[in-house]
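These notes are about the structure you will find just below.
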Amino acid sequence: CGTSSLYHYLIGHPQVLPASEKQIDYFKYYSFLPMDWYLSHFPPVETFLGRGALLTGESSPSYLPYPKVPHLIHERMRVNDSNNIESLNNFPAIIALVRDPISRAKSSYEYNYAQPALEWLVNRTARIESLHPMLKRIPYGKSESYYRENHLFSFDEFVRAELDVLRDCLKPGGLAELKSREKYGPPDGMFADVFALRDTMKEDASFPLINADEFCYGERINSTIPLAQWKDIVQQYPDKIIDVYSIQLVRSIIGRGLYVLFLDWWYQRFPQE
């Protein structure tokens, strides 16, 4: 993928050393551990001196959509200068790699939904059928094209269902705006300072800080209708598969491509110069 390609391209430079593993995910999944644990994944000073290297780094795609990640990086990796003044020069360099949103959405549909669903249908076992009883209504031994046409939801069906959700959730004063302020804004949220500053500059404020991925899709309902956004299409096509194991990614094949919403949180902690 793109992040892996860029990472290996960068560490191919003689003055850049790799981490012990490319994707550490510390600031998303392991931030409860001390920073020493995170730093232990990078080469020690002796290795830098011995090889004449200057840089190291990691590549964790899980970081981009989550507001807590730029906040934690800002809090745990900042180093003040000799006058105890914070400077962007004392932070790590951050590279955000994005792709064409439509291409990304189609790729996500295929990788996170279509291929797992076809795997279930073509190589199903008694255990899989016990977990997903609706599979018993679907005939064995058919071609992939048959299963795609008759028992998989199309890309367009997923997109239309999700756009209905996003249209309502992202409207001015909608659920995403209200919940994002409630969790991350005043008085005690991670970005309380940002919200407070924006409140004093309402005429010049940009689009409100919104975490669509966290607040627009709701919680799991049941195995038949995993999320409310799919209620209508599941009822219309009861013999089509919906509950694949990557359901959290399938729900937001459009939302995960709204990069401007994600990056806005990062720019609040690491402003452009």
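FYI, nothing fancy with the structure tokens labels: chains A, B, ... in order, residues from 1 per chain, ligands from 1 as they appear.
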Close residues, Ser62 (chain A) itself excluded, 10 Å, only C-alpha atoms, min 6 positions apart in chain, as a list in words: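 Neighbouring residues, sequence-local ones excluded: Gln23, Ile24, Asp25, Tyr26, Phe27, Lys28, Tyr29 and Val69 of chain A.
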Once you count only C-alpha atoms, what closest atom pair and distance in Å to one decimal does each residue of region 248-269 of chain A within 12 Å of region 137-155 of chain A have, with rows by chain and rising residue number, as a tab-separated table?
```
residue	atom	partner	partner_atom	distance
A:Val250	CA	A:Phe155	CA	10.3
A:Arg251	CA	A:Phe155	CA	11.6
A:Ser252	CA	A:Phe155	CA	12.0
A:Ile253	CA	A:Phe155	CA	9.4
A:Ile254	CA	A:Phe155	CA	10.6
```
Serialized selection, N, CA, C and O atoms, as a PDB file, in the first residue's frame:
```
ATOM      1  N   VAL A 250     -16.340  -1.176   6.672  1.00  0.00           N
ATOM      2  CA  VAL A 250     -17.355  -1.160   5.624  1.00  0.00           C
ATOM      3  C   VAL A 250     -18.364  -0.038   5.849  1.00  0.00           C
ATOM      4  O   VAL A 250     -18.869   0.559   4.907  1.00  0.00           O
ATOM      5  N   ARG A 251     -18.643   0.275   7.099  1.00  0.00           N
ATOM      6  CA  ARG A 251     -19.664   1.281   7.399  1.00  0.00           C
ATOM      7  C   ARG A 251     -19.287   2.659   6.894  1.00  0.00           C
ATOM      8  O   ARG A 251     -20.148   3.512   6.674  1.00  0.00           O
ATOM      9  N   SER A 252     -17.991   2.927   6.709  1.00  0.00           N
ATOM     10  CA  SER A 252     -17.536   4.291   6.392  1.00  0.00           C
ATOM     11  C   SER A 252     -16.634   4.319   5.168  1.00  0.00           C
ATOM     12  O   SER A 252     -15.586   4.931   5.176  1.00  0.00           O
ATOM     13  N   ILE A 253     -17.063   3.650   4.092  1.00  0.00           N
ATOM     14  CA  ILE A 253     -16.220   3.645   2.891  1.00  0.00           C
ATOM     15  C   ILE A 253     -16.157   5.037   2.262  1.00  0.00           C
ATOM     16  O   ILE A 253     -15.180   5.373   1.582  1.00  0.00           O
ATOM     17  N   ILE A 254     -17.175   5.870   2.509  1.00  0.00           N
ATOM     18  CA  ILE A 254     -17.129   7.267   2.065  1.00  0.00           C
ATOM     19  C   ILE A 254     -16.515   8.149   3.149  1.00  0.00           C
ATOM     20  O   ILE A 254     -15.637   8.965   2.897  1.00  0.00           O
TER      21      ILE A 254
END
```
With only C-alpha atoms as the basis for distance, which of A:Phe262, A:Tyr184, A:Tyr217, A:Phe207 is at the shortest distance from Leu166 (chain A)?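 Distance minimum relative to Leu166 (chain A) lands on A:Tyr217.
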Hey, what's within 12 Å of Lys136 (chain A) if we count only C-alpha atoms and toss same-chain stuff fewer than 2 positions away? As a list in words, please? Trp120, Leu121, Arg124, Thr125, Ala126, Arg127, Ile128, Glu129, Ser130, Leu131, His132, Pro133, Met134, Ile138, Pro139, Tyr140, Asp239, Lys240 and Ile241 of chain A
Based on DSSP run over this structure's backbone, return all residues of region 16-208 of chain A in strand (DSSP E or B), as a PyMOL selection string. chain A and resi 16-18+55-57+80+86+152
Print the selection's residues with all heavy atoms to a file, as a PDB file, in the first residue's frame.
```pdb
ATOM      1  N   VAL A  16      18.666   7.460   7.259  1.00  0.00           N
ATOM      2  CA  VAL A  16      17.379   7.189   7.909  1.00  0.00           C
ATOM      3  C   VAL A  16      17.362   5.739   8.383  1.00  0.00           C
ATOM      4  O   VAL A  16      17.590   4.817   7.592  1.00  0.00           O
ATOM      5  CB  VAL A  16      16.200   7.443   6.955  1.00  0.00           C
ATOM      6  CG1 VAL A  16      14.869   7.152   7.663  1.00  0.00           C
ATOM      7  CG2 VAL A  16      16.220   8.874   6.444  1.00  0.00           C
ATOM      8  N   LEU A  17      17.106   5.547   9.672  1.00  0.00           N
ATOM      9  CA  LEU A  17      17.064   4.204  10.246  1.00  0.00           C
ATOM     10  C   LEU A  17      15.618   3.783  10.502  1.00  0.00           C
ATOM     11  O   LEU A  17      14.793   4.600  10.914  1.00  0.00           O
ATOM     12  CB  LEU A  17      17.837   4.174  11.572  1.00  0.00           C
ATOM     13  CG  LEU A  17      19.332   4.464  11.502  1.00  0.00           C
ATOM     14  CD1 LEU A  17      19.937   4.416  12.903  1.00  0.00           C
ATOM     15  CD2 LEU A  17      20.031   3.473  10.583  1.00  0.00           C
ATOM     16  N   PRO A  18      15.301   2.514  10.282  1.00  0.00           N
ATOM     17  CA  PRO A  18      13.928   2.056  10.515  1.00  0.00           C
ATOM     18  C   PRO A  18      13.653   1.802  11.992  1.00  0.00           C
ATOM     19  O   PRO A  18      14.562   1.602  12.798  1.00  0.00           O
ATOM     20  CB  PRO A  18      13.877   0.742   9.729  1.00  0.00           C
ATOM     21  CG  PRO A  18      15.283   0.223   9.802  1.00  0.00           C
ATOM     22  CD  PRO A  18      16.172   1.447   9.741  1.00  0.00           C
ATOM     23  N   LEU A  55      17.865  10.398  11.091  1.00  0.00           N
ATOM     24  CA  LEU A  55      16.418  10.309  11.278  1.00  0.00           C
ATOM     25  C   LEU A  55      15.957   8.874  11.480  1.00  0.00           C
ATOM     26  O   LEU A  55      16.628   7.925  11.064  1.00  0.00           O
ATOM     27  CB  LEU A  55      15.686  10.887  10.052  1.00  0.00           C
ATOM     28  CG  LEU A  55      15.927  12.350   9.695  1.00  0.00           C
ATOM     29  CD1 LEU A  55      15.265  12.674   8.359  1.00  0.00           C
ATOM     30  CD2 LEU A  55      15.379  13.262  10.776  1.00  0.00           C
ATOM     31  N   THR A  56      14.798   8.737  12.100  1.00  0.00           N
ATOM     32  CA  THR A  56      14.098   7.460  12.171  1.00  0.00           C
ATOM     33  C   THR A  56      12.599   7.772  12.201  1.00  0.00           C
ATOM     34  O   THR A  56      12.197   8.932  12.270  1.00  0.00           O
ATOM     35  CB  THR A  56      14.518   6.655  13.405  1.00  0.00           C
ATOM     36  OG1 THR A  56      13.902   5.351  13.344  1.00  0.00           O
ATOM     37  CG2 THR A  56      14.080   7.343  14.697  1.00  0.00           C
ATOM     38  N   GLY A  57      11.769   6.757  12.147  1.00  0.00           N
ATOM     39  CA  GLY A  57      10.335   7.014  12.174  1.00  0.00           C
ATOM     40  C   GLY A  57       9.531   5.738  12.013  1.00  0.00           C
ATOM     41  O   GLY A  57      10.088   4.642  11.887  1.00  0.00           O
ATOM     42  N   ASN A  80      10.553  21.786  24.618  1.00  0.00           N
ATOM     43  CA  ASN A  80      10.740  23.241  24.632  1.00  0.00           C
ATOM     44  C   ASN A  80      12.198  23.605  24.401  1.00  0.00           C
ATOM     45  O   ASN A  80      13.105  22.821  24.702  1.00  0.00           O
ATOM     46  CB  ASN A  80      10.257  23.825  25.954  1.00  0.00           C
ATOM     47  CG  ASN A  80       8.745  23.717  26.118  1.00  0.00           C
ATOM     48  OD1 ASN A  80       8.043  23.382  25.165  1.00  0.00           O
ATOM     49  ND2 ASN A  80       8.273  23.982  27.314  1.00  0.00           N
ATOM     50  N   GLU A  86       7.781  26.545  23.388  1.00  0.00           N
ATOM     51  CA  GLU A  86       7.468  25.456  22.467  1.00  0.00           C
ATOM     52  C   GLU A  86       7.681  25.923  21.034  1.00  0.00           C
ATOM     53  O   GLU A  86       7.321  27.021  20.649  1.00  0.00           O
ATOM     54  CB  GLU A  86       6.010  25.037  22.679  1.00  0.00           C
ATOM     55  CG  GLU A  86       5.571  23.893  21.807  1.00  0.00           C
ATOM     56  CD  GLU A  86       4.107  23.555  22.056  1.00  0.00           C
ATOM     57  OE1 GLU A  86       3.785  23.187  23.201  1.00  0.00           O
ATOM     58  OE2 GLU A  86       3.304  23.672  21.117  1.00  0.00           O
ATOM     59  N   LEU A 152     -24.478 -10.294  -2.690  1.00  0.00           N
ATOM     60  CA  LEU A 152     -23.644  -9.228  -2.160  1.00  0.00           C
ATOM     61  C   LEU A 152     -24.300  -7.883  -2.456  1.00  0.00           C
ATOM     62  O   LEU A 152     -24.881  -7.685  -3.531  1.00  0.00           O
ATOM     63  CB  LEU A 152     -22.249  -9.230  -2.784  1.00  0.00           C
ATOM     64  CG  LEU A 152     -21.136  -9.991  -2.045  1.00  0.00           C
ATOM     65  CD1 LEU A 152     -21.455 -11.481  -1.967  1.00  0.00           C
ATOM     66  CD2 LEU A 152     -19.790  -9.781  -2.737  1.00  0.00           C
TER      67      LEU A 152
END
```
Got a sec: who's within 9 Å of region 224-228 of chain A, counting only C-alpha atoms, leaving out chain neighbours fewer than 2 positions off, as number ranges by chain? A: 132, 134, 217-222, 230-232, 234-235, 238, 242-243, 247, 251
Which of these, A:Leu39, A:Pro14, A:Ser103, A:His71, has the shortest distance to Leu54 (chain A) once you count only C-alpha atoms?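 The closest residue to Leu54 (chain A) is A:Pro14.
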Taking 6 positions as the minimum chain separation for residues in the same chain, which residues sit within 12 Å of Ile95 (chain A) when counting only C-alpha atoms? Answer as a PyMOL selection string. chain A and resi 2-3+6-7+10+57-61+63-64+263+266+270
Have a look at CA of Pro43 (chain A) and CA of Ala19 (chain A) and let me know their distance in Å, one decimal.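 Value for the CA of Pro43 (chain A)-CA of Ala19 (chain A) distance: 6.8 Å.
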